[in-house]
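In what follows, a structure is listed as structure tokens, so that the remarks can point back to it.
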Amino acid sequence: MWCASCLASACAGCACNLCTSAASAVTRRSARIAYCGLFAASLILSFLLRQFAAPLLQHIPWINAFDQTPPDEWFQMNAVLRVSLGNFLFFAIFAIMMIGIKDQNDRRDAWHHGGWIAKIAVWAVLIVLMFCVPNIVITIYEVLSKFGSGLFLLVQVVMLLDFTNNWNDSWVEKDEQKWEIALLVVTVVCYLSTFAFSGVLFMWFNPSGHDCGLNVFFIVMTLILAFAFAIVALHPQVNGSIMPASVISVYCAYLCYTSLSSEPDDYACNGLHRHSKQVSMSALILGMLTTVLSVVYSAVRAGSSTTFLSPPSSPRSGAKNPLLGDEETGKGDDKESEPRPVSYSYTFFHLIFALASMYSAMLLTGWTSAVSEKSELMDVGWTTVWVRICTEWVTAALYIWTLIAPLLFPDRDFS
């Protein structure tokens, strides 16, 4: 029992020491990147415990509270969820603490940007304490994480919309033929990838000899959405572009794949499980990569961007906000009588990291149940399938809304 506690403390301590060594170098301008580093440390810690903590966790009575000891995989998933819960609580607490900050004279502004040694210590303590809570707490957190992960997927969509619109605008503004050709190439590649990937999904998830109407419906709906994006974006009354539509189409195809691959093992229409060992690591790497990219992009862009839900035609959507520019300079640059407003929502910033903590736990556990007493891990099941497919449909609705909202409500300002 003491060995398991020491392992969690040692791993958290190592991460803590690595982060603390750089804490003194954190400035106001680099604080957002420092939060990314803390989040990355939690991912590394989760992965290490997932690989090595199972034999030690078996000796903790409030974790191994079963009549028959579960397999090692159960303890691996449980360790990941406990680290995720500690990380989630850290960022959720900061999100609550930062509600209502309007200018840099607020004392909480200094809490957000400074005090990194204390922050890292609190983060490490929270993670260690999570190994002292009973399994019922982890059970509740696991269920909530499935839906919190769905929300984070929506955040990824918003980031993707913001990124693709800025990418498209930056190349169009160059007003050179080579950049127009580049936009065309990206668009063609994305649409070809969407259609080719959909064909692969038909082969994997619509095996011959089985009635797989639900899977066919999901895949066909994805193709219909891809065509709908292009039609709406190219409508003469819509100030849209085909390139963002193609990128969103690829992303929807990816969400469709993740949904179909989450179907239970005993479902005859899920042919992917015959190759699950070969694709599991690549799926994990791809999922973790997109998570890290989303979090980093949110840190350097989302905090200062106000364009997330603005249509591409919105004047604000073309604004060029600095990523880590002068907006993050200290208070001393202006007169004390004129407090500078904060450049982004601290609460929203920390909320993104909290949701990302939930999503990373689902990726590292494969969306499986870590609280089952069965001899085998439970598969993802239909709850996860519908969370992911609904995320795809909401993604489509959100993108189309950004295009048609100015037409439906011409008198309203969507900037």
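Letters for chains follow the order of the structure tokens (A, B, ...), residue numbers begin at 1 for each chain, and ligand numbers begin at 1 in the order shown.
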Quick one: contact table of stretch 145-210 of chain A to stretch 241-244 of chain A, 12 Å max, nearest atom pair and distance in Å to one decimal per residue, counting only C-alpha atoms, chain and number order, as CSV?
residue,atom,partner,partner_atom,distance
A:Val157,CA,A:Pro244,CA,11.6
A:Leu160,CA,A:Pro244,CA,8.9
A:Leu161,CA,A:Pro244,CA,7.3
A:Asp162,CA,A:Pro244,CA,9.6
A:Phe163,CA,A:Pro244,CA,9.0
A:Thr164,CA,A:Pro244,CA,5.3
A:Asn165,CA,A:Pro244,CA,6.4
A:Asn166,CA,A:Pro244,CA,9.6
A:Trp167,CA,A:Pro244,CA,8.7
A:Asn168,CA,A:Met243,CA,7.0
A:Asp169,CA,A:Ser241,CA,9.3
A:Trp171,CA,A:Met243,CA,10.9
A:Val172,CA,A:Ser241,CA,10.1
A:Glu180,CA,A:Met243,CA,10.6
A:Ile181,CA,A:Met243,CA,11.5
A:Ala182,CA,A:Met243,CA,10.1
A:Leu183,CA,A:Met243,CA,6.5
A:Leu184,CA,A:Met243,CA,7.4
A:Val185,CA,A:Met243,CA,9.2
A:Val186,CA,A:Met243,CA,7.0
A:Thr187,CA,A:Met243,CA,4.9
A:Val188,CA,A:Met243,CA,8.6
A:Val189,CA,A:Met243,CA,10.1
A:Cys190,CA,A:Met243,CA,8.4
A:Tyr191,CA,A:Met243,CA,9.4
Discussion item. Using Å and a single decimal, report how far atom CA of A:Thr384 sits from atom CA of A:Ser149.
Written reply: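 Atom-to-atom, atom CA of A:Ser149 to atom CA of A:Thr384, that is 9.9 Å.
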Worksheet item: What is the distance, in Å and to one decimal place, between atom CA of A:Gly150 and atom CA of A:Val387?
Response: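 One can read the atom CA of A:Gly150 to atom CA of A:Val387 distance as 6.2 Å.
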Near-A:Leu234 list (12 Å; only C-alpha atoms; drop same-chain fewer than 2 positions) as a short mmCIF file (atom, residue, chain, number, x, y, z; two decimals) with N, CA, C and O atoms, in the first residue's frame:
data_model
loop_
_atom_site.label_atom_id
_atom_site.label_comp_id
_atom_site.auth_asym_id
_atom_site.auth_seq_id
_atom_site.Cartn_x
_atom_site.Cartn_y
_atom_site.Cartn_z
N PHE A 227 -21.29 17.39 -48.89
CA PHE A 227 -21.87 18.08 -50.05
C PHE A 227 -22.61 19.35 -49.61
O PHE A 227 -22.54 20.39 -50.28
N ALA A 228 -23.32 19.26 -48.49
CA ALA A 228 -24.08 20.42 -48.01
C ALA A 228 -23.15 21.57 -47.65
O ALA A 228 -23.46 22.74 -47.93
N PHE A 229 -22.00 21.26 -47.04
CA PHE A 229 -21.05 22.32 -46.71
C PHE A 229 -20.61 23.07 -47.96
O PHE A 229 -20.56 24.31 -47.97
N ALA A 230 -20.31 22.32 -49.02
CA ALA A 230 -19.85 22.95 -50.26
C ALA A 230 -20.94 23.79 -50.89
O ALA A 230 -20.70 24.92 -51.36
N ILE A 231 -22.17 23.27 -50.92
CA ILE A 231 -23.28 24.00 -51.55
C ILE A 231 -23.57 25.30 -50.81
O ILE A 231 -23.72 26.37 -51.43
N VAL A 232 -23.62 25.23 -49.49
CA VAL A 232 -23.92 26.43 -48.71
C VAL A 232 -22.78 27.44 -48.82
O VAL A 232 -23.00 28.65 -49.01
N PRO A 236 -24.16 32.21 -53.65
CA PRO A 236 -23.75 33.60 -53.93
C PRO A 236 -24.09 34.59 -52.82
O PRO A 236 -23.44 35.64 -52.71
N GLN A 237 -25.09 34.29 -52.01
CA GLN A 237 -25.45 35.22 -50.94
C GLN A 237 -24.69 34.95 -49.64
O GLN A 237 -24.85 35.68 -48.67
N VAL A 238 -23.89 33.91 -49.63
CA VAL A 238 -23.11 33.56 -48.44
C VAL A 238 -21.66 33.95 -48.67
O VAL A 238 -21.06 33.58 -49.67
N ASN A 239 -21.12 34.69 -47.73
CA ASN A 239 -19.72 35.11 -47.84
C ASN A 239 -18.83 34.03 -47.24
O ASN A 239 -18.20 34.19 -46.21
N GLY A 240 -18.82 32.86 -47.90
CA GLY A 240 -18.05 31.74 -47.40
C GLY A 240 -16.95 31.34 -48.35
O GLY A 240 -16.70 31.99 -49.37
N SER A 241 -16.27 30.24 -48.03
CA SER A 241 -15.18 29.75 -48.85
C SER A 241 -15.22 28.23 -48.85
O SER A 241 -15.61 27.60 -47.87
N ILE A 242 -14.82 27.65 -49.95
CA ILE A 242 -14.87 26.20 -50.09
C ILE A 242 -13.79 25.50 -49.28
O ILE A 242 -13.95 24.35 -48.87
N MET A 243 -12.66 26.17 -49.05
CA MET A 243 -11.58 25.53 -48.32
C MET A 243 -11.96 25.18 -46.88
O MET A 243 -11.77 24.03 -46.45
N PRO A 244 -12.50 26.12 -46.07
CA PRO A 244 -12.94 25.73 -44.73
C PRO A 244 -13.99 24.62 -44.76
O PRO A 244 -13.99 23.74 -43.90
N ALA A 245 -14.87 24.64 -45.78
CA ALA A 245 -15.88 23.59 -45.89
C ALA A 245 -15.24 22.22 -46.09
O ALA A 245 -15.69 21.21 -45.53
N SER A 246 -14.16 22.16 -46.86
CA SER A 246 -13.48 20.88 -47.09
C SER A 246 -12.79 20.39 -45.83
O SER A 246 -12.79 19.18 -45.54
N ILE A 400 -22.60 25.36 -40.40
CA ILE A 400 -23.62 25.92 -41.29
C ILE A 400 -24.22 27.19 -40.69
O ILE A 400 -24.52 28.16 -41.40
N LEU A 403 -22.41 30.29 -41.42
CA LEU A 403 -22.55 30.75 -42.80
C LEU A 403 -23.89 31.43 -43.08
O LEU A 403 -23.95 32.43 -43.79
N ILE A 404 -24.97 30.89 -42.52
CA ILE A 404 -26.30 31.37 -42.88
C ILE A 404 -26.90 32.33 -41.86
O ILE A 404 -27.92 32.96 -42.15
#
Worksheet item: Which of these residues is nearest to A:Ala121, using only C-alpha atoms: A:Ile140, A:Ile101, A:Leu38, A:Ala253?
Response: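 Using only C-alpha atoms, A:Ala121 sits closest to A:Leu38.
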Practice prompt. Among the residues of stretch 98-277 of chain A, find those DSSP assigns to helix (DSSP H, G or I) from the backbone and print them as a ChimeraX atom specification.
Written response: /A:107-113,116-132,135-173,177-205,213-233,242-260,271-277
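Close contacts of stretch 351-354 of chain A, defined as residues with an atom at most 7 Å away when counting only C-alpha atoms, with chain neighbours fewer than 3 positions off set aside, comprise Phe88, Phe91, Ala92, Ala95, Val295, Thr347, Phe348, Ser357 and Met358 of chain A.
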Fill in: Between atom CA of A:Ser193 and atom CA of A:Pro207 - distance in Å to one decimal
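According to the coordinates, atom CA of A:Pro207 and atom CA of A:Ser193 are separated by 21.5 Å.
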Practice prompt. Point out the residue among A:Asn270, A:Thr222, A:Ser170, A:Thr258 with the least atom-to-atom distance to A:Phe205, counting only C-alpha atoms.
Written response: A:Asn270
Worksheet item: Pick from A:Phe152, A:Tyr257, A:Phe94, A:Tyr359: nearest to A:Thr194, with only C-alpha atoms counted?
Response: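 That would be A:Tyr257, the residue with the smallest distance to A:Thr194.
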Worksheet item: Of the residues A:Tyr267, A:Trp74, A:Trp179, A:Phe197, which is the one nearest to A:Asp211, using only C-alpha atoms?
Response: A:Tyr267
